[in-house]
Structures are given as structure tokens and as C-alpha cells.
Amino acid sequence: MSKFCCSPDKKSKMYTIRFIYKHSNVCVMKKIIVLFLVIICNPVLSQENTNKSTDLSVSYTMVYKNHINAKATQTANTTLIVKDQESLFTFEGMMNFNRIQKERALVMGDLLMNKMPVHFLIKSKGDQVEHFETIGSDSYSFKEKINHSWKLIDSDTLIHGFVCKKAVLNYAGREWNAWYTPEIPIAVGPYKFHGLPGLIMAINDREHVFSFIANEVKKGHFVFDSKIEDYFIKDGGKPFESINKDEFYKIRKKFSEMTVNEKIKYSNRDEAAIPEIIIQGQQQNSPRLNTNANKKNYIERIE
């Protein structure tokens, strides 16, 4: 029996995690610990550094409802980096891990301080978009061409001192309201939203399940790793698998609906020894490992 412990804390719901094996397999044990950290914290590692400079960096706060029936909202910090018409969008936590890894190895505190709801990175150039995301222990990418049909609205507002104009859009099953500023004539924004005559400063869907609002816009030269693989936890250097967009969404939906034990088994389906997981909580608050997960919200509403 192998044991991986999160120190118990009565104020926060931490658990002792035990992995049971019929056969000793150090490789599987390491893989399970990494997967569980991905499920809990969605951490990101970076190893090599291939530098690329840019001329604009925008930080956005993403406010979202994690599950379809959720009433409360959660927040995550995201970053958009732009050079000319090429951009990269990801979570601030991924950028933090990238910087930390240049100096030292990550520790548990780094993972807990940089939680992310989804582990993805979006790379865009004009209307060409490449989506990178991990599902369990698998890494996928797909390319798509996006040509948004924005409707411009005669309405103005101020966001952080920038005069912004309104636009609306139907995209991926949701209706979106966006505010962009012609004062920064760059046709980009958070996630895959682009094509307006100015930087998108705020955008939300009409039901307020997802929203992004800019906190800070910086101009200058910024450094990031152009090697996309270095933003992700890679198990044995496994490369991203390029698949069809529709197939990706099917896999992600299937995985999101699995129980925790099903996710563990699915992510270790190629291993000789499949572990069972037991989590001991305090005051009878142990999570249910064999019940279906709450239906998760994604920016694309895929029913």
C-alpha cells in the first residue's frame, strides 16, 4: 500500500489519500499522484524556456459558475499576450508555474495557490485558432477557423479610463455582450473572442455564467515560452495529440461526467496495475468517489 497525504485541517476540507495496488508499480503511483493534483488543483509545469517577446499584455478576471446548477460564482485570473495579430491566452497560474520552474521545483503550496478550473491554452493568429487542453492524463490539440459575426451597438461606456463600445455575438450556444475600445486598435480579446475594431475590455454571456473583465493593460516587451508543451504537466514527455474539434468535445464531455474512480481508471487505462483510491475525510465529509460528477459548465455549451 502506498500513501500520499494532504495534511488534515479542520477548517479546510483536506483529506488523507491512500492508493491500493495489487502489484507494486512506482510509475503508476507517480502518475496517479500527478492526476489527483490535476483534478484538485490543475497545476501546470514548465521545463525549457524558448523566449518570445510581445507588445501587449492584458490581465482579465474570469468570473464563472463551475457547474450548471451552481448559484455561487468563482474567479480565476487569466492573461492575454499579443504581438501584432498573434496572441496567446491562458491562466495566470500557468504563467506563474512557468516562472517558478525556471528557479526551483514546485511544492504543494505552489499548486494550492494556483488553482485553475480548466487546463487550457489558446493560441490565435487572425481567424486561425489552436486549442490546447489536457483531459485527465491525456493532452489534445485541435485547430479551427473562427470568423465571428459581431453586431455593433451604438452604446458607450468607460472601463479603466478607456472609452468602450458595445457589440453582441452568438457563439457556441451562448449569447455574448462585449465592450471593446477603439483606443487600442487590436482585434483581439480573451479566449477565442476576436475580430472587433479594438481590444475587448469586458465580455459576458447573457446568463452571466462566464464573464471576463480587464484589470490591467500593459504595453512593452513581455517574455513567454513559445514551446506550448512547457505549460503543461507532461507524463513521460507524451506529446499533444491533434484531433478533430468535435471528437475533442465528446472526450471532454465523457470525462467530465465520470466519477473520481472512473477518472483514475481511465487515465491509467494503459498501465498494468490499476489502483483503487480511498479518501478518508474528517467528520464524515469524505467525497463520494463513485457518484457522477455535477454537470460542468464550459464556455462552449455542448449539450
# chains A, B, ... in the order shown; residues from 1 in each chain; ligands from 1

call {"tool": "residues_around", "arguments": {"residues": "Phe210 of chain A", "least_positions_apart": "5", "cutoff": "12 Å", "atoms": "only C-alpha atoms", "output": "list in words"}}
result
Thr61, Met62, Val63, Tyr64, Lys65, Asn66, His67, Ile68, Thr73, Gln74, Thr75, Ala76, Arg174, Glu175, Trp176, Asn177, Ala178, Pro190, Tyr191, Ala202, Ile203, Asn204, Asp205, Asn297, Tyr298, Ile299, Glu300 and Arg301 of chain A

call {"tool": "atom_distance", "arguments": {"atom1": "atom CA of Ser87 of chain A", "atom2": "atom CA of Ser124 of chain A"}}
result
5.2 Å

call {"tool": "select_by_dssp", "arguments": {"residues": "segment 80-220 of chain A", "states": "strand (DSSP E)", "output": "ChimeraX atom specification"}}
result
/A:80-83,86-91,120-125,128-135,138-145,151-159,162-171,174-181,199-205,210-220

call {"tool": "write_last_selection", "arguments": {"atoms": "C-alpha atoms", "output": "short mmCIF file (atom, residue, chain, number, x, y, z; two decimals), in the first residue's frame"}}
result
data_model
loop_
_atom_site.label_atom_id
_atom_site.label_comp_id
_atom_site.auth_asym_id
_atom_site.auth_seq_id
_atom_site.Cartn_x
_atom_site.Cartn_y
_atom_site.Cartn_z
CA LEU A 80 -3.67 37.59 -22.85
CA ILE A 81 -0.34 38.21 -24.60
CA VAL A 82 -0.30 39.82 -28.04
CA LYS A 83 2.27 40.54 -30.75
CA GLU A 86 -0.77 36.73 -32.96
CA SER A 87 -1.94 36.09 -29.42
CA LEU A 88 -1.75 33.58 -26.58
CA PHE A 89 -4.40 33.27 -23.86
CA THR A 90 -4.11 31.18 -20.70
CA PHE A 91 -4.46 31.26 -16.91
CA PHE A 120 -6.17 25.01 -21.47
CA LEU A 121 -4.18 27.41 -23.62
CA ILE A 122 -5.45 29.22 -26.72
CA LYS A 123 -3.12 30.35 -29.49
CA SER A 124 -4.55 32.61 -32.22
CA LYS A 125 -3.39 34.33 -35.37
CA GLN A 128 -6.89 30.77 -37.10
CA VAL A 129 -7.14 29.32 -33.58
CA GLU A 130 -5.32 26.40 -31.98
CA HIS A 131 -6.75 25.00 -28.73
CA PHE A 132 -4.53 23.02 -26.30
CA GLU A 133 -6.05 21.23 -23.31
CA THR A 134 -5.42 18.28 -21.01
CA ILE A 135 -8.12 15.76 -20.15
CA ASP A 138 -4.13 12.95 -21.99
CA SER A 139 -3.12 16.05 -23.95
CA TYR A 140 -5.05 17.19 -27.00
CA SER A 141 -4.95 19.99 -29.53
CA PHE A 142 -7.21 20.98 -32.40
CA LYS A 143 -7.30 23.78 -34.94
CA GLU A 144 -10.30 25.76 -36.06
CA LYS A 145 -11.10 28.81 -38.13
CA LYS A 151 -23.28 43.09 -34.24
CA LEU A 152 -22.06 46.57 -33.29
CA ILE A 153 -24.31 48.52 -30.90
CA ASP A 154 -24.49 52.33 -30.60
CA SER A 155 -23.61 52.49 -26.90
CA ASP A 156 -20.57 53.77 -24.97
CA THR A 157 -19.10 53.21 -21.52
CA LEU A 158 -15.82 53.77 -19.66
CA ILE A 159 -13.68 50.86 -18.46
CA PHE A 162 -10.88 53.70 -21.88
CA VAL A 163 -13.92 54.67 -23.95
CA CYS A 164 -15.55 51.38 -24.92
CA LYS A 165 -18.24 50.49 -27.43
CA LYS A 166 -20.67 47.58 -27.28
CA ALA A 167 -21.03 44.54 -29.54
CA VAL A 168 -23.09 41.36 -29.31
CA LEU A 169 -22.40 37.85 -30.58
CA ASN A 170 -23.90 34.35 -30.72
CA TYR A 171 -21.10 31.86 -30.15
CA ARG A 174 -24.37 31.34 -25.74
CA GLU A 175 -25.22 34.98 -26.39
CA TRP A 176 -22.38 37.37 -25.53
CA ASN A 177 -22.18 41.09 -24.76
CA ALA A 178 -18.75 42.64 -25.31
CA TRP A 179 -17.21 46.05 -24.68
CA TYR A 180 -14.19 46.96 -26.82
CA THR A 181 -12.02 50.06 -27.04
CA LEU A 199 -9.25 45.36 -27.75
CA ILE A 200 -12.06 43.61 -25.85
CA MET A 201 -12.09 45.04 -22.32
CA ALA A 202 -15.08 43.09 -20.99
CA ILE A 203 -17.34 40.30 -22.22
CA ASN A 204 -20.03 38.17 -20.61
CA ASP A 205 -22.70 35.75 -21.73
CA PHE A 210 -18.96 33.32 -17.79
CA SER A 211 -17.52 36.82 -17.88
CA PHE A 212 -14.12 38.39 -18.45
CA ILE A 213 -13.16 41.92 -17.44
CA ALA A 214 -9.77 43.54 -18.00
CA ASN A 215 -7.85 44.58 -14.90
CA GLU A 216 -4.68 45.95 -16.45
CA VAL A 217 -3.30 46.66 -19.91
CA LYS A 218 0.47 46.84 -20.30
CA LYS A 219 2.46 47.85 -23.36
CA GLY A 220 6.10 46.93 -23.80
#

call {"tool": "atom_distance", "arguments": {"atom1": "atom CA of His221 of chain A", "atom2": "atom CA of Leu56 of chain A"}}
result
7.3 Å

call {"tool": "closest_residue", "arguments": {"among": "A:Lys254, A:Asn114, A:Ala172, A:Asp55", "to": "Asn77 of chain A", "atoms": "only C-alpha atoms"}}
result
A:Asn114

call {"tool": "closest_residue", "arguments": {"among": "A:Val223, A:Ile100, A:Ile264, A:Leu196", "to": "Ile184 of chain A", "atoms": "only C-alpha atoms"}}
result
A:Leu196

call {"tool": "decode", "arguments": {"residues": "segment 38-138 of chain A", "atoms": "C-alpha atoms", "output": "compact mmCIF listing (two decimals), in the first residue's frame"}}
result
# COMPACT_ATOMS: atom_id res chain seq x y z
CA VAL A 38 -4.62 17.93 -11.69
CA ILE A 39 -8.15 17.06 -10.52
CA ILE A 40 -7.77 19.13 -7.35
CA CYS A 41 -5.51 21.97 -8.42
CA ASN A 42 -4.99 21.68 -12.21
CA PRO A 43 -1.27 22.54 -11.83
CA VAL A 44 1.00 23.35 -14.75
CA LEU A 45 4.71 22.70 -15.13
CA SER A 46 7.26 24.24 -17.45
CA GLN A 47 10.76 22.96 -18.16
CA GLU A 48 12.59 24.55 -21.07
CA ASN A 49 12.44 28.23 -21.94
CA THR A 50 12.14 29.38 -25.54
CA ASN A 51 11.67 33.13 -25.33
CA LYS A 52 9.43 35.27 -27.46
CA SER A 53 8.70 38.95 -26.99
CA THR A 54 5.39 40.70 -27.46
CA ASP A 55 3.99 44.22 -27.34
CA LEU A 56 0.83 43.90 -25.22
CA SER A 57 -0.19 42.06 -22.04
CA VAL A 58 -3.73 42.16 -20.67
CA SER A 59 -4.87 40.60 -17.40
CA TYR A 60 -8.54 39.59 -17.11
CA THR A 61 -10.58 38.32 -14.19
CA MET A 62 -12.73 35.40 -15.26
CA VAL A 63 -15.92 35.05 -13.20
CA TYR A 64 -17.73 31.77 -13.75
CA LYS A 65 -20.19 29.22 -12.42
CA ASN A 66 -18.35 25.92 -12.29
CA HIS A 67 -21.41 23.68 -12.52
CA ILE A 68 -24.72 24.06 -14.30
CA ASN A 69 -26.76 24.18 -11.08
CA ALA A 70 -24.27 26.35 -9.19
CA LYS A 71 -25.61 29.57 -7.66
CA ALA A 72 -22.31 30.98 -6.42
CA THR A 73 -19.63 32.27 -8.79
CA GLN A 74 -15.88 31.67 -8.67
CA THR A 75 -12.98 33.66 -10.08
CA ALA A 76 -9.72 32.94 -11.86
CA ASN A 77 -7.04 35.25 -13.24
CA THR A 78 -6.21 34.96 -16.92
CA THR A 79 -3.60 36.53 -19.21
CA LEU A 80 -3.67 37.59 -22.85
CA ILE A 81 -0.34 38.21 -24.60
CA VAL A 82 -0.30 39.82 -28.04
CA LYS A 83 2.27 40.54 -30.75
CA ASP A 84 0.90 42.01 -33.98
CA GLN A 85 -2.09 39.77 -34.86
CA GLU A 86 -0.77 36.73 -32.96
CA SER A 87 -1.94 36.09 -29.42
CA LEU A 88 -1.75 33.58 -26.58
CA PHE A 89 -4.40 33.27 -23.86
CA THR A 90 -4.11 31.18 -20.70
CA PHE A 91 -4.46 31.26 -16.91
CA GLU A 92 -2.20 33.41 -14.78
CA GLY A 93 -1.45 30.30 -12.72
CA MET A 94 0.10 28.68 -15.77
CA MET A 95 2.33 31.71 -16.22
CA ASN A 96 3.25 31.57 -12.52
CA PHE A 97 4.28 27.93 -12.68
CA ASN A 98 6.33 28.69 -15.75
CA ARG A 99 8.27 31.37 -13.87
CA ILE A 100 8.68 29.25 -10.71
CA GLN A 101 10.06 26.31 -12.66
CA LYS A 102 12.88 28.47 -14.01
CA GLU A 103 14.19 28.86 -10.45
CA ARG A 104 13.16 25.77 -8.47
CA ALA A 105 10.93 22.74 -8.29
CA LEU A 106 7.27 23.22 -7.48
CA VAL A 107 5.99 22.42 -3.99
CA MET A 108 2.48 21.65 -2.75
CA GLY A 109 1.94 25.27 -1.73
CA ASP A 110 2.54 26.39 -5.33
CA LEU A 111 -0.15 24.01 -6.55
CA LEU A 112 -2.71 25.08 -3.96
CA MET A 113 -2.05 28.78 -4.59
CA ASN A 114 -2.57 28.45 -8.35
CA LYS A 115 -5.80 26.51 -8.85
CA MET A 116 -7.45 26.60 -12.27
CA PRO A 117 -10.91 25.39 -13.31
CA VAL A 118 -9.76 24.07 -16.70
CA HIS A 119 -6.28 23.42 -18.01
CA PHE A 120 -6.17 25.01 -21.47
CA LEU A 121 -4.18 27.41 -23.62
CA ILE A 122 -5.45 29.22 -26.72
CA LYS A 123 -3.12 30.35 -29.49
CA SER A 124 -4.55 32.61 -32.22
CA LYS A 125 -3.39 34.33 -35.37
CA GLY A 126 -6.06 36.23 -37.25
CA ASP A 127 -9.03 33.88 -37.57
CA GLN A 128 -6.89 30.77 -37.10
CA VAL A 129 -7.14 29.32 -33.58
CA GLU A 130 -5.32 26.40 -31.98
CA HIS A 131 -6.75 25.00 -28.73
CA PHE A 132 -4.53 23.02 -26.30
CA GLU A 133 -6.05 21.23 -23.31
CA THR A 134 -5.42 18.28 -21.01
CA ILE A 135 -8.12 15.76 -20.15
CA GLY A 136 -7.01 13.55 -17.28
CA SER A 137 -3.53 12.38 -18.26
CA ASP A 138 -4.13 12.95 -21.99
